[in-house]
Amino acid sequence: MRQFTTGDLNKQVGDVTDAATREPVVLTKHRKPRFVLMSYEYYEQMRTGGNPRSAHRASEMPEEHKKLFAAEIDRLARGEGYDDEP
């Protein structure tokens, strides 16, 4: 789960909300987890007991997941995303 500070939210609202569309993100304040931001769809699935996670063989990956996976691989290839690690 990605983490952002509450300051990041103020300065980079687009980046934070984009990340929250893919998975819940933790918002920290004074280096402590304070909030979780997630898409409404994920919230509804969680609230109703639906499991938003699923596993697939790479050969059977849904097209939507292939696109997300490829985009993240491209992002890492450009050297982005490594600073997200604690």
# chains A, B, ... in the order shown; residues from 1 in each chain; ligands from 1

$ select_by_dssp --residues "chain A" --states "helix (DSSP H, G or I)" --output "ChimeraX atom specification"
/A:6-11,13-22,40-47,58-60,63-77,82-84

$ write_last_selection --atoms "C-alpha atoms" --output "PDB file, in the first residue's frame"
ATOM      1  CA  THR A   6      -0.952  14.975   4.427  1.00  0.00           C
ATOM      2  CA  GLY A   7       1.369  17.629   2.965  1.00  0.00           C
ATOM      3  CA  ASP A   8       1.648  15.532  -0.215  1.00  0.00           C
ATOM      4  CA  LEU A   9      -2.131  15.523  -0.405  1.00  0.00           C
ATOM      5  CA  ASN A  10      -2.179  19.318  -0.305  1.00  0.00           C
ATOM      6  CA  LYS A  11       0.595  19.693  -2.895  1.00  0.00           C
ATOM      7  CA  VAL A  13      -3.773  15.993  -4.946  1.00  0.00           C
ATOM      8  CA  GLY A  14      -3.827  14.569  -8.483  1.00  0.00           C
ATOM      9  CA  ASP A  15      -1.015  12.091  -7.815  1.00  0.00           C
ATOM     10  CA  VAL A  16      -2.535  10.983  -4.518  1.00  0.00           C
ATOM     11  CA  THR A  17      -6.041  10.507  -5.904  1.00  0.00           C
ATOM     12  CA  ASP A  18      -4.664   8.716  -8.982  1.00  0.00           C
ATOM     13  CA  ALA A  19      -2.874   6.265  -6.680  1.00  0.00           C
ATOM     14  CA  ALA A  20      -6.077   5.835  -4.653  1.00  0.00           C
ATOM     15  CA  THR A  21      -7.981   4.814  -7.775  1.00  0.00           C
ATOM     16  CA  ARG A  22      -5.681   1.772  -8.068  1.00  0.00           C
ATOM     17  CA  TYR A  40     -15.613   4.627  -3.819  1.00  0.00           C
ATOM     18  CA  GLU A  41     -15.816   1.329  -5.727  1.00  0.00           C
ATOM     19  CA  TYR A  42     -13.233  -0.287  -3.435  1.00  0.00           C
ATOM     20  CA  TYR A  43     -15.022   1.110  -0.384  1.00  0.00           C
ATOM     21  CA  GLU A  44     -18.354  -0.334  -1.540  1.00  0.00           C
ATOM     22  CA  GLN A  45     -16.795  -3.736  -2.217  1.00  0.00           C
ATOM     23  CA  MET A  46     -15.186  -3.704   1.210  1.00  0.00           C
ATOM     24  CA  ARG A  47     -18.381  -2.509   2.912  1.00  0.00           C
ATOM     25  CA  ALA A  58      -0.292 -14.029 -16.435  1.00  0.00           C
ATOM     26  CA  SER A  59      -1.617 -15.735 -19.570  1.00  0.00           C
ATOM     27  CA  GLU A  60      -5.207 -15.246 -18.346  1.00  0.00           C
ATOM     28  CA  GLU A  63      -7.028  -6.820 -20.427  1.00  0.00           C
ATOM     29  CA  GLU A  64      -7.656  -4.080 -17.856  1.00  0.00           C
ATOM     30  CA  HIS A  65      -4.979  -5.587 -15.584  1.00  0.00           C
ATOM     31  CA  LYS A  66      -2.539  -6.012 -18.474  1.00  0.00           C
ATOM     32  CA  LYS A  67      -2.790  -2.294 -19.202  1.00  0.00           C
ATOM     33  CA  LEU A  68      -2.232  -1.347 -15.544  1.00  0.00           C
ATOM     34  CA  PHE A  69       0.696  -3.752 -15.271  1.00  0.00           C
ATOM     35  CA  ALA A  70       2.309  -2.442 -18.455  1.00  0.00           C
ATOM     36  CA  ALA A  71       1.890   1.164 -17.299  1.00  0.00           C
ATOM     37  CA  GLU A  72       3.612   0.417 -13.988  1.00  0.00           C
ATOM     38  CA  ILE A  73       6.463  -1.433 -15.718  1.00  0.00           C
ATOM     39  CA  ASP A  74       6.929   1.573 -18.024  1.00  0.00           C
ATOM     40  CA  ARG A  75       6.920   3.917 -15.026  1.00  0.00           C
ATOM     41  CA  LEU A  76       9.616   1.871 -13.294  1.00  0.00           C
ATOM     42  CA  ALA A  77      11.627   1.685 -16.533  1.00  0.00           C
ATOM     43  CA  TYR A  82      11.524   4.004  -6.572  1.00  0.00           C
ATOM     44  CA  ASP A  83      11.329   6.887  -4.110  1.00  0.00           C
ATOM     45  CA  ASP A  84       7.994   5.458  -2.881  1.00  0.00           C
TER      46      ASP A  84
END

$ residues_around --residues "Val26 (chain A)" --least-positions-apart "2" --cutoff "8 Å" --atoms "only C-alpha atoms" --output "list in words"
Met1, Arg2, Gln3, Phe4, Pro24, Thr28, Pro33, Arg34, Phe35, Val36 and Leu37 of chain A

$ write_last_selection --atoms "N, CA and C atoms" --output "PDB file, in the first residue's frame"
ATOM      1  N   MET A   1       0.852  -1.173   0.000  1.00  0.00           N
ATOM      2  CA  MET A   1       0.000   0.000   0.000  1.00  0.00           C
ATOM      3  C   MET A   1       0.898   1.236   0.000  1.00  0.00           C
ATOM      4  N   ARG A   2       0.652   2.143  -0.901  1.00  0.00           N
ATOM      5  CA  ARG A   2       1.456   3.364  -0.986  1.00  0.00           C
ATOM      6  C   ARG A   2       1.127   4.294   0.162  1.00  0.00           C
ATOM      7  N   GLN A   3       2.077   5.131   0.506  1.00  0.00           N
ATOM      8  CA  GLN A   3       1.896   6.113   1.566  1.00  0.00           C
ATOM      9  C   GLN A   3       2.214   7.505   1.050  1.00  0.00           C
ATOM     10  N   PHE A   4       1.452   8.457   1.529  1.00  0.00           N
ATOM     11  CA  PHE A   4       1.684   9.862   1.246  1.00  0.00           C
ATOM     12  C   PHE A   4       1.517  10.614   2.557  1.00  0.00           C
ATOM     13  N   PRO A  24      -6.074   1.379  -2.105  1.00  0.00           N
ATOM     14  CA  PRO A  24      -6.120   2.308  -0.969  1.00  0.00           C
ATOM     15  C   PRO A  24      -4.717   2.829  -0.662  1.00  0.00           C
ATOM     16  N   THR A  28      -0.200   9.871   5.984  1.00  0.00           N
ATOM     17  CA  THR A  28       0.472   9.977   7.271  1.00  0.00           C
ATOM     18  C   THR A  28       0.564  11.426   7.703  1.00  0.00           C
ATOM     19  N   PRO A  33       0.536   6.741  10.474  1.00  0.00           N
ATOM     20  CA  PRO A  33      -0.663   6.563   9.641  1.00  0.00           C
ATOM     21  C   PRO A  33      -1.876   7.206  10.310  1.00  0.00           C
ATOM     22  N   ARG A  34      -2.590   8.034   9.556  1.00  0.00           N
ATOM     23  CA  ARG A  34      -3.762   8.727  10.109  1.00  0.00           C
ATOM     24  C   ARG A  34      -5.045   8.435   9.338  1.00  0.00           C
ATOM     25  N   PHE A  35      -4.934   8.317   8.019  1.00  0.00           N
ATOM     26  CA  PHE A  35      -6.129   8.150   7.185  1.00  0.00           C
ATOM     27  C   PHE A  35      -5.847   7.146   6.076  1.00  0.00           C
ATOM     28  N   VAL A  36      -6.933   6.609   5.504  1.00  0.00           N
ATOM     29  CA  VAL A  36      -6.833   5.771   4.316  1.00  0.00           C
ATOM     30  C   VAL A  36      -7.747   6.389   3.269  1.00  0.00           C
ATOM     31  N   LEU A  37      -7.212   6.588   2.073  1.00  0.00           N
ATOM     32  CA  LEU A  37      -7.983   7.126   0.959  1.00  0.00           C
ATOM     33  C   LEU A  37      -8.119   6.031  -0.078  1.00  0.00           C
TER      34      LEU A  37
END

$ select_by_dssp --residues "region 3-82 of chain A" --states "strand (DSSP E)" --output "JSON, numbers by chain"
{"A": [3, 4, 5, 25, 26, 27, 28, 29, 32, 33, 34, 35, 36, 37]}

$ atom_distance --atom1 "CA of Val25 (chain A)" --atom2 "CA of Gly49 (chain A)"
19.5 Å

$ decode --residues "region 54-77 of chain A" --atoms "N, CA, C and O atoms" --output "mmCIF file, in the first residue's frame"
data_model
loop_
_atom_site.group_PDB
_atom_site.id
_atom_site.type_symbol
_atom_site.label_atom_id
_atom_site.label_comp_id
_atom_site.auth_asym_id
_atom_site.auth_seq_id
_atom_site.Cartn_x
_atom_site.Cartn_y
_atom_site.Cartn_z
ATOM 1 N N SER A 54 -8.248 -10.325 -6.690
ATOM 2 C CA SER A 54 -8.345 -11.613 -7.362
ATOM 3 C C SER A 54 -6.987 -11.949 -7.944
ATOM 4 O O SER A 54 -6.153 -11.071 -8.155
ATOM 5 N N ALA A 55 -6.766 -13.222 -8.180
ATOM 6 C CA ALA A 55 -5.489 -13.677 -8.728
ATOM 7 C C ALA A 55 -5.733 -14.303 -10.096
ATOM 8 O O ALA A 55 -6.762 -14.942 -10.322
ATOM 9 N N HIS A 56 -4.784 -14.107 -11.002
ATOM 10 C CA HIS A 56 -4.889 -14.644 -12.353
ATOM 11 C C HIS A 56 -3.523 -15.133 -12.804
ATOM 12 O O HIS A 56 -2.503 -14.599 -12.402
ATOM 13 N N ARG A 57 -3.520 -16.122 -13.657
ATOM 14 C CA ARG A 57 -2.278 -16.490 -14.338
ATOM 15 C C ARG A 57 -1.959 -15.344 -15.290
ATOM 16 O O ARG A 57 -2.861 -14.694 -15.818
ATOM 17 N N ALA A 58 -0.674 -15.113 -15.528
ATOM 18 C CA ALA A 58 -0.292 -14.029 -16.435
ATOM 19 C C ALA A 58 -0.937 -14.221 -17.807
ATOM 20 O O ALA A 58 -1.376 -13.260 -18.438
ATOM 21 N N SER A 59 -1.028 -15.461 -18.251
ATOM 22 C CA SER A 59 -1.617 -15.735 -19.570
ATOM 23 C C SER A 59 -3.127 -15.492 -19.601
ATOM 24 O O SER A 59 -3.703 -15.348 -20.665
ATOM 25 N N GLU A 60 -3.755 -15.433 -18.426
ATOM 26 C CA GLU A 60 -5.207 -15.246 -18.346
ATOM 27 C C GLU A 60 -5.584 -13.899 -17.740
ATOM 28 O O GLU A 60 -6.738 -13.669 -17.412
ATOM 29 N N MET A 61 -4.599 -13.017 -17.596
ATOM 30 C CA MET A 61 -4.829 -11.727 -16.975
ATOM 31 C C MET A 61 -5.849 -10.924 -17.784
ATOM 32 O O MET A 61 -5.730 -10.834 -19.012
ATOM 33 N N PRO A 62 -6.845 -10.347 -17.113
ATOM 34 C CA PRO A 62 -7.803 -9.510 -17.836
ATOM 35 C C PRO A 62 -7.098 -8.340 -18.526
ATOM 36 O O PRO A 62 -6.077 -7.847 -18.047
ATOM 37 N N GLU A 63 -7.633 -7.902 -19.647
ATOM 38 C CA GLU A 63 -7.028 -6.820 -20.427
ATOM 39 C C GLU A 63 -6.814 -5.565 -19.585
ATOM 40 O O GLU A 63 -5.776 -4.896 -19.690
ATOM 41 N N GLU A 64 -7.764 -5.254 -18.738
ATOM 42 C CA GLU A 64 -7.656 -4.080 -17.856
ATOM 43 C C GLU A 64 -6.413 -4.180 -16.964
ATOM 44 O O GLU A 64 -5.679 -3.207 -16.773
ATOM 45 N N HIS A 65 -6.143 -5.383 -16.449
ATOM 46 C CA HIS A 65 -4.979 -5.587 -15.584
ATOM 47 C C HIS A 65 -3.683 -5.544 -16.390
ATOM 48 O O HIS A 65 -2.659 -5.046 -15.902
ATOM 49 N N LYS A 66 -3.721 -6.068 -17.619
ATOM 50 C CA LYS A 66 -2.539 -6.012 -18.474
ATOM 51 C C LYS A 66 -2.114 -4.570 -18.719
ATOM 52 O O LYS A 66 -0.930 -4.240 -18.674
ATOM 53 N N LYS A 67 -3.091 -3.700 -18.951
ATOM 54 C CA LYS A 67 -2.790 -2.294 -19.202
ATOM 55 C C LYS A 67 -2.188 -1.643 -17.961
ATOM 56 O O LYS A 67 -1.215 -0.885 -18.054
ATOM 57 N N LEU A 68 -2.766 -1.905 -16.786
ATOM 58 C CA LEU A 68 -2.232 -1.347 -15.544
ATOM 59 C C LEU A 68 -0.819 -1.856 -15.281
ATOM 60 O O LEU A 68 0.076 -1.095 -14.899
ATOM 61 N N PHE A 69 -0.610 -3.138 -15.498
ATOM 62 C CA PHE A 69 0.696 -3.752 -15.271
ATOM 63 C C PHE A 69 1.738 -3.136 -16.206
ATOM 64 O O PHE A 69 2.829 -2.752 -15.785
ATOM 65 N N ALA A 70 1.390 -3.015 -17.470
ATOM 66 C CA ALA A 70 2.309 -2.442 -18.455
ATOM 67 C C ALA A 70 2.641 -0.996 -18.112
ATOM 68 O O ALA A 70 3.797 -0.569 -18.232
ATOM 69 N N ALA A 71 1.651 -0.237 -17.665
ATOM 70 C CA ALA A 71 1.890 1.164 -17.299
ATOM 71 C C ALA A 71 2.850 1.266 -16.121
ATOM 72 O O ALA A 71 3.736 2.133 -16.107
ATOM 73 N N GLU A 72 2.715 0.389 -15.147
ATOM 74 C CA GLU A 72 3.612 0.417 -13.988
ATOM 75 C C GLU A 72 5.022 -0.020 -14.369
ATOM 76 O O GLU A 72 6.004 0.538 -13.879
ATOM 77 N N ILE A 73 5.142 -1.009 -15.245
ATOM 78 C CA ILE A 73 6.463 -1.433 -15.718
ATOM 79 C C ILE A 73 7.139 -0.282 -16.463
ATOM 80 O O ILE A 73 8.325 0.002 -16.254
ATOM 81 N N ASP A 74 6.379 0.420 -17.303
ATOM 82 C CA ASP A 74 6.929 1.573 -18.024
ATOM 83 C C ASP A 74 7.376 2.660 -17.056
ATOM 84 O O ASP A 74 8.432 3.272 -17.233
ATOM 85 N N ARG A 75 6.584 2.897 -16.024
ATOM 86 C CA ARG A 75 6.920 3.917 -15.026
ATOM 87 C C ARG A 75 8.229 3.566 -14.324
ATOM 88 O O ARG A 75 9.107 4.414 -14.143
ATOM 89 N N LEU A 76 8.379 2.305 -13.945
ATOM 90 C CA LEU A 76 9.616 1.871 -13.294
ATOM 91 C C LEU A 76 10.800 1.943 -14.255
ATOM 92 O O LEU A 76 11.907 2.307 -13.862
ATOM 93 N N ALA A 77 10.563 1.616 -15.529
ATOM 94 C CA ALA A 77 11.627 1.685 -16.533
ATOM 95 C C ALA A 77 12.126 3.117 -16.720
ATOM 96 O O ALA A 77 13.299 3.339 -17.037
#
